[in-house]
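Peer 1: Contents are mmCIF, C-alpha atoms; file name structure.cif:
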data_start
loop_
_atom_site.label_atom_id
_atom_site.label_comp_id
_atom_site.auth_asym_id
_atom_site.auth_seq_id
_atom_site.Cartn_x
_atom_site.Cartn_y
_atom_site.Cartn_z
CA MET A 1 -42.04 -50.46 -24.81
CA ARG A 2 -38.61 -49.43 -26.13
CA LYS A 3 -39.94 -45.97 -26.94
CA LEU A 4 -41.31 -45.66 -23.40
CA LEU A 5 -38.00 -46.75 -21.84
CA THR A 6 -36.13 -44.30 -24.09
CA LEU A 7 -38.39 -41.44 -23.00
CA LEU A 8 -37.96 -42.40 -19.33
CA LEU A 9 -34.16 -42.39 -19.72
CA LEU A 10 -34.10 -39.08 -21.59
CA PHE A 11 -36.61 -37.36 -19.30
CA PRO A 12 -34.07 -36.36 -16.61
CA LEU A 13 -31.74 -34.90 -19.28
CA ILE A 14 -34.59 -33.00 -20.94
CA THR A 15 -35.75 -31.68 -17.57
CA PHE A 16 -32.19 -30.64 -16.61
CA ALA A 17 -31.71 -28.79 -19.90
CA GLN A 18 -34.97 -26.91 -19.43
CA THR A 19 -34.32 -26.00 -15.79
CA GLU A 20 -30.59 -25.20 -16.12
CA SER A 21 -29.94 -21.64 -14.99
CA PRO A 22 -29.13 -19.21 -17.80
CA LYS A 23 -25.49 -18.30 -18.36
CA ASP A 24 -24.35 -15.30 -16.37
CA THR A 25 -24.01 -12.42 -18.83
CA LEU A 26 -23.35 -9.75 -16.21
CA TRP A 27 -19.59 -10.34 -16.37
CA THR A 28 -17.40 -9.63 -19.40
CA THR A 29 -13.85 -10.95 -19.29
CA THR A 30 -10.98 -10.62 -21.76
CA GLY A 31 -7.35 -11.57 -21.41
CA THR A 32 -4.07 -12.07 -23.24
CA ALA A 33 -0.83 -13.80 -22.35
CA THR A 34 2.22 -12.88 -24.45
CA LEU A 35 5.75 -14.30 -24.54
CA ASN A 36 8.38 -12.41 -26.51
CA PHE A 37 11.76 -14.12 -26.88
CA SER A 38 14.99 -13.37 -28.73
CA GLN A 39 18.32 -15.18 -28.90
CA VAL A 40 21.73 -14.60 -30.50
CA SER A 41 24.42 -17.29 -30.63
CA LEU A 42 27.95 -16.45 -31.84
CA SER A 43 30.92 -18.74 -32.33
CA ASN A 44 34.22 -17.51 -33.74
CA TRP A 45 32.39 -14.48 -35.08
CA ALA A 46 34.92 -12.16 -36.76
CA ALA A 47 32.71 -9.08 -36.49
CA GLY A 48 32.60 -9.45 -32.70
CA GLY A 49 29.67 -9.41 -30.32
CA LYS A 50 28.21 -11.47 -27.49
CA SER A 51 25.82 -14.38 -27.39
CA SER A 52 22.63 -13.40 -25.56
CA MET A 53 19.01 -14.22 -24.97
CA SER A 54 16.12 -12.23 -23.61
CA GLY A 55 12.45 -12.67 -22.95
CA VAL A 56 9.45 -10.72 -21.73
CA MET A 57 6.21 -12.17 -20.39
CA ILE A 58 3.10 -9.97 -20.51
CA PHE A 59 -0.23 -10.85 -18.91
CA ASN A 60 -3.33 -8.65 -19.22
CA LEU A 61 -6.78 -9.46 -17.83
CA ALA A 62 -9.96 -7.36 -17.70
CA ALA A 63 -13.06 -8.43 -15.76
CA ASN A 64 -16.02 -6.06 -15.93
CA TYR A 65 -19.44 -6.30 -14.27
CA LYS A 66 -22.54 -4.40 -15.41
CA LYS A 67 -26.07 -4.54 -14.02
CA ASP A 68 -28.57 -1.72 -14.41
CA LYS A 69 -26.79 1.42 -13.13
CA LEU A 70 -24.03 -0.43 -11.32
CA SER A 71 -20.65 -1.15 -12.97
CA TRP A 72 -17.43 -2.65 -11.68
CA ASP A 73 -14.31 -2.57 -13.88
CA ASN A 74 -11.15 -4.49 -12.98
CA THR A 75 -7.81 -4.73 -14.80
CA PHE A 76 -4.74 -6.81 -14.03
CA ASP A 77 -1.55 -5.92 -15.91
CA PHE A 78 1.69 -7.82 -15.27
CA ARG A 79 5.08 -7.75 -17.03
CA TYR A 80 8.35 -9.50 -16.32
CA GLY A 81 11.45 -9.57 -18.51
CA PHE A 82 14.94 -11.02 -18.30
CA LEU A 83 18.26 -10.67 -20.13
CA LYS A 84 21.15 -13.16 -20.25
CA GLU A 85 24.43 -12.28 -21.92
CA GLU A 86 27.50 -14.46 -22.35
CA ASP A 87 29.59 -14.62 -19.13
CA VAL A 88 27.01 -12.46 -17.31
CA ASP A 89 24.43 -13.72 -14.81
CA LEU A 90 20.73 -13.52 -15.59
CA ARG A 91 19.41 -9.99 -15.13
CA LYS A 92 15.97 -8.45 -14.88
CA SER A 93 14.97 -6.16 -17.73
CA ASP A 94 11.34 -5.36 -16.90
CA ASP A 95 9.08 -5.85 -13.88
CA ASN A 96 5.61 -4.42 -13.32
CA ILE A 97 2.45 -5.13 -11.31
CA ASP A 98 -0.55 -2.88 -11.91
CA ILE A 99 -3.98 -3.81 -10.52
CA SER A 100 -6.91 -1.40 -10.82
CA SER A 101 -10.51 -1.67 -9.65
CA LYS A 102 -13.21 0.95 -10.26
CA LEU A 103 -16.75 0.80 -8.90
CA GLY A 104 -19.31 3.10 -10.52
CA TYR A 105 -22.97 4.05 -10.28
CA LEU A 106 -24.60 5.84 -13.20
CA ALA A 107 -25.36 9.50 -12.53
CA LYS A 108 -26.43 10.89 -15.91
CA GLY A 109 -25.43 10.24 -19.50
CA ASN A 110 -21.86 8.96 -19.51
CA TRP A 111 -21.08 10.24 -16.01
CA ASN A 112 -20.81 7.87 -13.05
CA TYR A 113 -20.22 8.34 -9.37
CA ALA A 114 -17.09 6.26 -8.85
CA GLY A 115 -14.56 4.91 -6.41
CA LEU A 116 -11.05 3.86 -7.46
CA LEU A 117 -8.51 1.44 -6.01
CA ASN A 118 -5.12 1.03 -7.67
CA PHE A 119 -2.12 -1.04 -6.57
CA LYS A 120 1.34 -0.99 -8.15
CA SER A 121 4.56 -2.81 -7.33
CA GLN A 122 7.00 -5.33 -8.81
CA PHE A 123 7.73 -9.08 -8.54
CA ALA A 124 11.46 -9.33 -7.89
CA ALA A 125 14.42 -7.39 -6.54
CA GLY A 126 16.09 -4.84 -8.81
CA TYR A 127 19.77 -3.88 -8.87
CA ASN A 128 21.98 -1.13 -10.21
CA TYR A 129 24.05 -3.51 -12.34
CA PRO A 130 26.79 -4.70 -12.13
CA ASP A 131 26.29 -4.31 -8.35
CA THR A 132 24.14 -7.31 -7.38
CA ASP A 133 24.83 -7.18 -3.64
CA ASN A 134 22.57 -4.26 -2.77
CA ALA A 135 18.99 -4.27 -4.05
CA ILE A 136 17.59 -0.87 -5.00
CA SER A 137 13.99 -2.14 -5.13
CA LYS A 138 11.96 -5.20 -4.16
CA PHE A 139 8.37 -6.41 -4.00
CA MET A 140 6.51 -3.84 -1.86
CA ALA A 141 9.62 -1.68 -1.87
CA PRO A 142 8.12 0.29 -3.31
CA GLY A 143 4.44 -0.57 -3.33
CA TYR A 144 1.80 2.03 -4.11
CA LEU A 145 -1.86 2.00 -3.09
CA THR A 146 -4.16 4.76 -4.35
CA LEU A 147 -7.77 5.21 -3.21
CA GLY A 148 -10.04 7.85 -4.71
CA LEU A 149 -13.62 9.10 -4.84
CA GLY A 150 -15.06 11.22 -7.64
CA MET A 151 -16.70 11.08 -11.06
CA ASP A 152 -15.97 8.87 -14.04
CA TYR A 153 -16.83 9.78 -17.63
CA LYS A 154 -17.00 6.49 -19.50
CA THR A 155 -17.72 5.32 -23.04
CA ASP A 156 -17.00 2.01 -24.76
CA ASN A 157 -13.36 2.90 -25.47
CA PHE A 158 -12.59 5.88 -23.20
CA SER A 159 -12.63 6.61 -19.49
CA ALA A 160 -11.69 9.72 -17.50
CA MET A 161 -11.75 9.27 -13.73
CA LEU A 162 -11.61 12.54 -11.77
CA ALA A 163 -11.07 11.96 -8.04
CA PRO A 164 -10.55 15.21 -6.09
CA VAL A 165 -10.47 13.24 -2.83
CA SER A 166 -7.66 10.69 -3.01
CA GLY A 167 -5.15 9.04 -0.75
CA LYS A 168 -1.81 7.71 -1.99
CA PHE A 169 0.14 5.33 0.23
CA THR A 170 3.76 4.38 -0.44
CA PHE A 171 5.16 1.23 1.17
CA VAL A 172 8.84 0.36 1.58
CA THR A 173 8.85 -2.90 3.53
CA ASP A 174 12.56 -3.67 3.07
CA ASP A 175 14.58 -2.65 6.16
CA ALA A 176 17.66 -1.38 4.29
CA LEU A 177 15.69 0.68 1.80
CA SER A 178 13.47 2.01 4.59
CA GLU A 179 16.50 3.12 6.62
CA ALA A 180 17.84 4.90 3.54
CA GLY A 181 14.56 6.81 3.10
CA ALA A 182 14.04 5.39 -0.41
CA PHE A 183 11.02 6.32 -2.54
CA GLY A 184 10.06 9.31 -0.43
CA VAL A 185 9.50 7.69 2.97
CA ASP A 186 11.12 9.21 6.04
CA PRO A 187 14.33 7.33 6.99
CA GLY A 188 13.34 4.36 9.15
CA SER A 189 9.68 4.58 8.19
CA LYS A 190 8.02 1.97 5.98
CA THR A 191 5.01 4.00 4.84
CA ARG A 192 4.23 7.44 3.48
CA SER A 193 0.70 8.88 3.23
CA GLU A 194 -0.40 11.65 0.89
CA LEU A 195 -3.72 13.43 0.45
CA GLY A 196 -4.48 14.84 -2.96
CA ALA A 197 -6.28 14.48 -6.29
CA THR A 198 -6.11 11.67 -8.84
CA VAL A 199 -6.89 11.78 -12.54
CA LYS A 200 -6.90 8.53 -14.50
CA PHE A 201 -7.36 8.34 -18.29
CA GLU A 202 -7.82 5.12 -20.27
CA TYR A 203 -8.27 4.84 -24.04
CA LYS A 204 -8.28 1.96 -26.52
CA THR A 205 -8.93 1.75 -30.25
CA ASP A 206 -8.05 -0.16 -33.40
CA ILE A 207 -5.64 1.97 -35.44
CA MET A 208 -6.18 -0.28 -38.43
CA LYS A 209 -7.00 -3.92 -39.09
CA ASN A 210 -5.11 -6.18 -36.66
CA VAL A 211 -3.40 -3.21 -34.97
CA ALA A 212 -4.74 -2.30 -31.52
CA PHE A 213 -3.67 0.65 -29.38
CA ASN A 214 -4.39 1.30 -25.73
CA THR A 215 -3.00 3.75 -23.23
CA LYS A 216 -3.34 4.62 -19.54
CA LEU A 217 -2.33 7.87 -17.86
CA ASP A 218 -2.31 8.26 -14.07
CA LEU A 219 -1.79 11.68 -12.48
CA PHE A 220 -1.58 12.52 -8.77
CA SER A 221 -1.12 15.85 -7.01
CA ASN A 222 -0.35 16.07 -3.28
CA TYR A 223 -2.40 18.90 -1.74
CA LEU A 224 -0.09 19.21 1.29
CA ASP A 225 3.37 19.12 -0.32
CA LYS A 226 4.30 20.78 -3.62
CA PRO A 227 0.91 20.32 -5.34
CA GLY A 228 2.34 21.64 -8.60
CA ASN A 229 4.79 18.73 -8.85
CA ILE A 230 2.45 16.13 -10.32
CA ASP A 231 3.29 12.42 -10.26
CA VAL A 232 2.92 10.89 -13.75
CA ASP A 233 2.63 7.26 -14.84
CA TRP A 234 1.85 6.89 -18.56
CA THR A 235 1.76 3.54 -20.34
CA ALA A 236 1.09 3.00 -24.06
CA LYS A 237 0.81 -0.32 -25.91
CA ILE A 238 0.49 -1.26 -29.57
CA ASN A 239 -0.34 -4.85 -30.48
CA MET A 240 0.07 -5.92 -34.10
CA LYS A 241 -1.56 -9.27 -34.81
CA VAL A 242 0.19 -11.52 -37.34
CA ASN A 243 -2.14 -14.51 -36.97
CA ASP A 244 -4.07 -16.21 -34.18
CA TYR A 245 -0.90 -16.82 -32.15
CA LEU A 246 1.89 -14.59 -33.46
CA SER A 247 2.04 -10.88 -32.69
CA ALA A 248 4.39 -7.93 -32.44
CA ASN A 249 4.18 -5.64 -29.41
CA VAL A 250 5.42 -2.18 -28.55
CA VAL A 251 5.21 -1.03 -24.92
CA THR A 252 6.36 2.31 -23.52
CA GLN A 253 6.14 3.64 -19.99
CA LEU A 254 6.99 7.12 -18.73
CA ILE A 255 7.18 7.83 -14.99
CA TYR A 256 7.85 10.98 -13.03
CA ASP A 257 7.64 10.96 -9.24
CA ASP A 258 8.92 13.97 -7.32
CA ASP A 259 9.65 11.71 -4.33
CA ILE A 260 12.02 9.37 -6.20
CA ASP A 261 15.63 10.49 -6.53
CA ILE A 262 17.60 9.11 -9.49
CA ILE A 263 21.32 8.92 -8.68
CA ASP A 264 23.62 10.63 -11.19
CA PRO A 265 26.54 8.19 -11.79
CA ASP A 266 28.95 11.09 -12.40
CA THR A 267 28.21 13.17 -9.29
CA GLY A 268 26.63 10.58 -6.98
CA GLU A 269 23.84 13.04 -6.20
CA GLY A 270 20.16 12.21 -6.56
CA SER A 271 17.24 14.24 -7.89
CA PRO A 272 13.81 13.54 -9.44
CA LYS A 273 14.05 12.74 -13.14
CA ILE A 274 11.84 11.44 -15.93
CA GLN A 275 12.01 7.65 -16.17
CA PHE A 276 11.34 6.03 -19.55
CA MET A 277 11.09 2.44 -20.73
CA GLU A 278 10.53 1.18 -24.29
CA MET A 279 10.14 -2.41 -25.35
CA PHE A 280 9.56 -4.03 -28.74
CA GLY A 281 9.08 -7.74 -29.20
CA VAL A 282 7.70 -10.43 -31.48
CA GLY A 283 6.32 -13.60 -29.99
CA LEU A 284 3.39 -15.78 -29.06
CA THR A 285 0.09 -14.36 -27.85
CA PHE A 286 -2.80 -16.39 -26.43
CA LYS A 287 -6.24 -14.91 -25.91
CA PHE A 288 -8.75 -16.21 -23.39
#
Could you quickly redo this structure as C-alpha cells?
Peer 2:
Amino acid sequence: MRKLLTLLLLFPLITFAQTESPKDTLWTTTGTATLNFSQVSLSNWAAGGKSSMSGVMIFNLAANYKKDKLSWDNTFDFRYGFLKEEDVDLRKSDDNIDISSKLGYLAKGNWNYAGLLNFKSQFAAGYNYPDTDNAISKFMAPGYLTLGLGMDYKTDNFSAMLAPVSGKFTFVTDDALSEAGAFGVDPGSKTRSELGATVKFEYKTDIMKNVAFNTKLDLFSNYLDKPGNIDVDWTAKINMKVNDYLSANVVTQLIYDDDIDIIDPDTGEGSPKIQFMEMFGVGLTFKF
C-alpha cells in the first residue's frame, strides 16, 4: 500500500519531468560587468600631490539567435567613469552607449544577406572643465542611429558587414546645443540625415591563456557631402583575467567625425580632429 501511495505521489512529478519542454538552445547569451576603482589618500605628504579617487563601470552583453539560415546578433556595450580630486567636484571621465543589432539570412558559405541597426549616445552631460555651467554634450545630444542593408561575412570570431545602402541620423535634442549647430546639425535643427555606405568590422580572439582581445571598427561615408571624409569609430579592448573575479582591462577608442569641430583652446577656432581615449584599470569582473 505504501509503495502504491508513493507511486501515486511521484506520478505527477515523473509526468512533468517527461513532458517539460526542452531548454531553448536557439539563443546564446554572454555578458560581463566590470568595476575598476583606484584611490589615493595623502596627508602631510612632503612630495606633494592630491588625494583622488576614480572608477569606471563597464557592462557588455551579447545575445545571439540562430535557427537554420536565420541569425540575429545583438550587442550592448556601456561604459561610465568618474574622477574625484581633492577640492574639486566629481567629474565624468568616460561615458559611452553602443547598441548594435544585426539580422542575417545565409546566402552561401560565410556570406549572409544582412540588415544593421546601430545606436550610440551617452548617459550624462559632459563639460569642458572647469566650466560646469554650459554642457557641451548630453544624452541624445548627440545621439546617432545608423541603418544599413548589405552583406555580412561572418565566422566564429570575425564579421565584416558591408552595407552600401545606409542612413545615418544625428540627433541633438538639447535646445542650446541645437541652436549652436553642434555635431553637424544646422543651427536650430535637432536632426541631421545622411545617405551613404557603412562598413563594420568585428574581431575577437584569445591572444594567450587568460588574455582576450576584441575590436570593433565602424566606417561611414556620406555619398552626398564629402564622401572621401570617412567617419571612423574604432574601439579595442584587452581583458587579462587574474582569477574568476579579478581582471585587468585596457580600452582604447579612436573617433574621427568630419562634422564635429574640436575647439582649439589657444585660438578659439574649431575644426575636425582625431579624438582618442585610453583607459587602463584593475578591478572586479563578473560573468553571466
Peer 1: Go through A:Ala160, A:Lys287, A:Ser71, A:Leu83 one by one, measure the shortest atom-to-atom distance of each to Ser51 in chain A using all atoms listed in the file, and give the residue with the smallest value.
Peer 2: A:Leu83
Peer 1: Tell me, as a list in words, which residues lie within 10 Å of range 237-248 of chain A, counting all atoms listed in the file; anything in the same chain fewer than 4 positions away does not count.
Peer 2: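 Using all atoms listed in the file, the neighbours found are Thr34, Leu35, Asn36, Lys204, Thr205, Asp206, Ile207, Met208, Lys209, Asn210, Val211, Ala212, Phe213, Asn214, Thr215, Lys216, Thr252, Gln253, Glu278, Met279, Phe280, Gly281, Val282, Gly283, Leu284, Thr285, Phe286 and Lys287 of chain A.
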Peer 1: Give me the result of the PyMOL selection byres ((chain A and resi 58) around 8) on this file, residue by residue, as a list in words.
Peer 2: Thr32, Ala33, Thr34, Leu35, Val56, Met57, Phe59, Asn60, Asp77, Phe78, Arg79 and Tyr80 of chain A
Peer 1: Might you pull out every residue within 6 Å of Gly115 in chain A, with all atoms listed in the file counted and same-chain residues fewer than 5 positions away left off, and present them as a count of residues only?
Peer 2: 4
Peer 1: Assuming 3 Å of padding per side, give the centre and edge lengths of the axis-aligned box around every listed atom of range 174-193 of chain A, in Å to one decimal and as lines of an AutoDock Vina configuration file.
Peer 2:
center_x = 9.3
center_y = 2.8
center_z = 3.3
size_x = 23.1
size_y = 19.0
size_z = 17.7
Peer 1: Going by the chain IDs and residue numbers used in this file, which residues fall under the PyMOL selection byres ((chain A and resi 89) around 12)? Write them as a VMD selection string.
Peer 2: chain A and resid 52 to 53 82 to 88 90 to 92 129 to 132
Peer 1: Would you save the residues from that selection as a JSON list (two decimals), in the frame of the given file, using C-alpha atoms?
Peer 2:
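Output saved as again_35.json:
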[["chain", "number", "residue", "atom", "x", "y", "z"],
["A", 52, "SER", "CA", 22.63, -13.40, -25.56],
["A", 53, "MET", "CA", 19.01, -14.22, -24.97],
["A", 82, "PHE", "CA", 14.94, -11.02, -18.30],
["A", 83, "LEU", "CA", 18.26, -10.67, -20.13],
["A", 84, "LYS", "CA", 21.15, -13.16, -20.25],
["A", 85, "GLU", "CA", 24.43, -12.28, -21.92],
["A", 86, "GLU", "CA", 27.50, -14.46, -22.35],
["A", 87, "ASP", "CA", 29.59, -14.62, -19.13],
["A", 88, "VAL", "CA", 27.01, -12.46, -17.31],
["A", 90, "LEU", "CA", 20.73, -13.52, -15.59],
["A", 91, "ARG", "CA", 19.41, -9.99, -15.13],
["A", 92, "LYS", "CA", 15.97, -8.45, -14.88],
["A", 129, "TYR", "CA", 24.05, -3.51, -12.34],
["A", 130, "PRO", "CA", 26.79, -4.70, -12.13],
["A", 131, "ASP", "CA", 26.29, -4.31, -8.35],
["A", 132, "THR", "CA", 24.14, -7.31, -7.38]]
Peer 1: What is the CA of Trp27 in chain A-CA of Gly150 in chain A distance in Å, reported with one decimal?
Peer 2: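 Between CA of Trp27 in chain A and CA of Gly150 in chain A the gap works out to 23.7 Å.
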Peer 1: Between A:Leu106, A:Ala197, A:Val251, A:Leu26, which residue has the minimum interatomic distance to Lys66 in chain A, considering all atoms listed in the file?
Peer 2: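 Closest to Lys66 in chain A, using all atoms listed in the file: A:Leu26.
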Peer 1: Check what the PyMOL selection byres ((chain A and resi 221) around 8) selects in the file above and give those residues as a list in words.
Peer 2: Gly196, Ala197, Thr198, Leu219, Phe220, Asn222, Tyr223, Pro227, Gly228, Asn229, Ile230 and Asp231 of chain A
Peer 1: May I ask for the distance between CA of Ser121 in chain A and CA of Arg192 in chain A, given in Å to one decimal place?
Peer 2: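 About the pair CA of Ser121 in chain A and CA of Arg192 in chain A: they are 14.9 Å apart.
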Peer 1: Using Å and a single decimal, report how far CA of Asp225 in chain A sits from CA of Asp152 in chain A.
Peer 2: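 Here the two named atoms are 25.8 Å from each other.
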Peer 1: Pick out the residues sitting within 8 Å of Ser193 in chain A, and hand them over as a short mmCIF file (atom, residue, chain, number, x, y, z; two decimals) with C-alpha atoms, keeping the file's coordinate frame; count all atoms listed in the file, and ignore anything fewer than 5 positions along from it in its own chain.
Peer 2:
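That gives us out33.cif:
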data_model
loop_
_atom_site.label_atom_id
_atom_site.label_comp_id
_atom_site.auth_asym_id
_atom_site.auth_seq_id
_atom_site.Cartn_x
_atom_site.Cartn_y
_atom_site.Cartn_z
CA GLY A 167 -5.15 9.04 -0.75
CA LYS A 168 -1.81 7.71 -1.99
CA PHE A 169 0.14 5.33 0.23
CA THR A 170 3.76 4.38 -0.44
#
Peer 1: For Gly104 in chain A, please output as a PyMOL selection string all residues within 12 Å (counting only C-alpha atoms; exclusion window: fewer than 2 positions along the same chain).
Peer 2: chain A and resi 64-74+101-102+106-108+110-117+148-154+159+161
Peer 1: Which residue, A:Asp218, A:Asp233, A:Asp264, A:Glu179, has the smallest gap to Phe276 in chain A when you use all atoms listed in the file?
Peer 2: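 Checking each of A:Asp218, A:Asp233, A:Asp264, A:Glu179 against Phe276 in chain A, counting all atoms listed in the file, the winner is A:Asp233.
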Peer 1: Given all atoms listed in the file as the basis, pick out the residue of A:Glu202, A:Asp174, A:Glu269, A:Glu194 nearest to Ser100 in chain A.
Peer 2: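 Result for the nearest residue to Ser100 in chain A: A:Glu202.
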Peer 1: Using only C-alpha atoms, which residues sit within 8 Å of Phe119 in chain A once same-chain residues fewer than 2 positions away are excluded, as a PyMOL selection string?
Peer 2: chain A and resi 97-100+117+121+143-146
Peer 1: Please produce a file of the residues just selected, as a PDB file, in the coordinates of the input, where the atoms kept are C-alpha atoms.
Peer 2:
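Below is the file result20.pdb, written as the result:
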ATOM      1  CA  ILE A  97       2.450  -5.130 -11.310  1.00  0.00           C
ATOM      2  CA  ASP A  98      -0.550  -2.880 -11.910  1.00  0.00           C
ATOM      3  CA  ILE A  99      -3.980  -3.810 -10.520  1.00  0.00           C
ATOM      4  CA  SER A 100      -6.910  -1.400 -10.820  1.00  0.00           C
ATOM      5  CA  LEU A 117      -8.510   1.440  -6.010  1.00  0.00           C
ATOM      6  CA  SER A 121       4.560  -2.810  -7.330  1.00  0.00           C
ATOM      7  CA  GLY A 143       4.440  -0.570  -3.330  1.00  0.00           C
ATOM      8  CA  TYR A 144       1.800   2.030  -4.110  1.00  0.00           C
ATOM      9  CA  LEU A 145      -1.860   2.000  -3.090  1.00  0.00           C
ATOM     10  CA  THR A 146      -4.160   4.760  -4.350  1.00  0.00           C
TER      11      THR A 146
END
Peer 1: A:Lys200, A:Lys273, A:Lys120, A:Lys50: which is nearest Pro142 in chain A, counting only C-alpha atoms?
Peer 2: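 Of A:Lys200, A:Lys273, A:Lys120, A:Lys50, the one nearest Pro142 in chain A, counting only C-alpha atoms, is A:Lys120.
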Peer 1: Please extract range 49-56 of chain A and write it out with all heavy atoms, as a PDB file, in the first residue's frame.
Peer 2:
ATOM      1  N   GLY A  49      51.172  66.516  -4.064  1.00  0.00           N
ATOM      2  CA  GLY A  49      50.173  65.713  -4.760  1.00  0.00           C
ATOM      3  C   GLY A  49      48.784  66.019  -4.239  1.00  0.00           C
ATOM      4  O   GLY A  49      48.581  66.862  -3.364  1.00  0.00           O
ATOM      5  N   LYS A  50      47.794  65.311  -4.784  1.00  0.00           N
ATOM      6  CA  LYS A  50      46.407  65.492  -4.397  1.00  0.00           C
ATOM      7  C   LYS A  50      45.767  64.142  -4.112  1.00  0.00           C
ATOM      8  O   LYS A  50      46.028  63.158  -4.808  1.00  0.00           O
ATOM      9  CB  LYS A  50      45.610  66.184  -5.520  1.00  0.00           C
ATOM     10  CG  LYS A  50      45.784  67.681  -5.596  1.00  0.00           C
ATOM     11  CD  LYS A  50      44.821  68.256  -6.618  1.00  0.00           C
ATOM     12  CE  LYS A  50      44.911  69.776  -6.653  1.00  0.00           C
ATOM     13  NZ  LYS A  50      43.922  70.351  -7.620  1.00  0.00           N
ATOM     14  N   SER A  51      44.919  64.115  -3.105  1.00  0.00           N
ATOM     15  CA  SER A  51      44.111  62.920  -2.877  1.00  0.00           C
ATOM     16  C   SER A  51      43.073  62.820  -3.995  1.00  0.00           C
ATOM     17  O   SER A  51      42.524  63.833  -4.440  1.00  0.00           O
ATOM     18  CB  SER A  51      43.399  62.996  -1.516  1.00  0.00           C
ATOM     19  OG  SER A  51      44.328  63.047  -0.457  1.00  0.00           O
ATOM     20  N   SER A  52      42.803  61.602  -4.445  1.00  0.00           N
ATOM     21  CA  SER A  52      41.856  61.432  -5.545  1.00  0.00           C
ATOM     22  C   SER A  52      41.285  60.024  -5.533  1.00  0.00           C
ATOM     23  O   SER A  52      41.830  59.126  -4.882  1.00  0.00           O
ATOM     24  CB  SER A  52      42.548  61.686  -6.890  1.00  0.00           C
ATOM     25  OG  SER A  52      43.534  60.703  -7.144  1.00  0.00           O
ATOM     26  N   MET A  53      40.186  59.876  -6.244  1.00  0.00           N
ATOM     27  CA  MET A  53      39.636  58.551  -6.486  1.00  0.00           C
ATOM     28  C   MET A  53      38.954  58.560  -7.842  1.00  0.00           C
ATOM     29  O   MET A  53      38.485  59.603  -8.323  1.00  0.00           O
ATOM     30  CB  MET A  53      38.642  58.140  -5.393  1.00  0.00           C
ATOM     31  CG  MET A  53      37.391  58.967  -5.319  1.00  0.00           C
ATOM     32  SD  MET A  53      36.243  58.309  -4.077  1.00  0.00           S
ATOM     33  CE  MET A  53      34.871  59.476  -4.258  1.00  0.00           C
ATOM     34  N   SER A  54      38.947  57.404  -8.463  1.00  0.00           N
ATOM     35  CA  SER A  54      38.324  57.286  -9.779  1.00  0.00           C
ATOM     36  C   SER A  54      37.752  55.887  -9.941  1.00  0.00           C
ATOM     37  O   SER A  54      38.182  54.937  -9.276  1.00  0.00           O
ATOM     38  CB  SER A  54      39.337  57.580 -10.891  1.00  0.00           C
ATOM     39  OG  SER A  54      40.374  56.607 -10.880  1.00  0.00           O
ATOM     40  N   GLY A  55      36.801  55.778 -10.821  1.00  0.00           N
ATOM     41  CA  GLY A  55      36.199  54.475 -11.082  1.00  0.00           C
ATOM     42  C   GLY A  55      35.602  54.434 -12.476  1.00  0.00           C
ATOM     43  O   GLY A  55      35.211  55.470 -13.035  1.00  0.00           O
ATOM     44  N   VAL A  56      35.553  53.256 -13.029  1.00  0.00           N
ATOM     45  CA  VAL A  56      34.944  53.040 -14.342  1.00  0.00           C
ATOM     46  C   VAL A  56      34.104  51.776 -14.274  1.00  0.00           C
ATOM     47  O   VAL A  56      34.578  50.730 -13.805  1.00  0.00           O
ATOM     48  CB  VAL A  56      35.996  52.909 -15.462  1.00  0.00           C
ATOM     49  CG1 VAL A  56      35.316  52.617 -16.799  1.00  0.00           C
ATOM     50  CG2 VAL A  56      36.835  54.160 -15.570  1.00  0.00           C
TER      51      VAL A  56
END
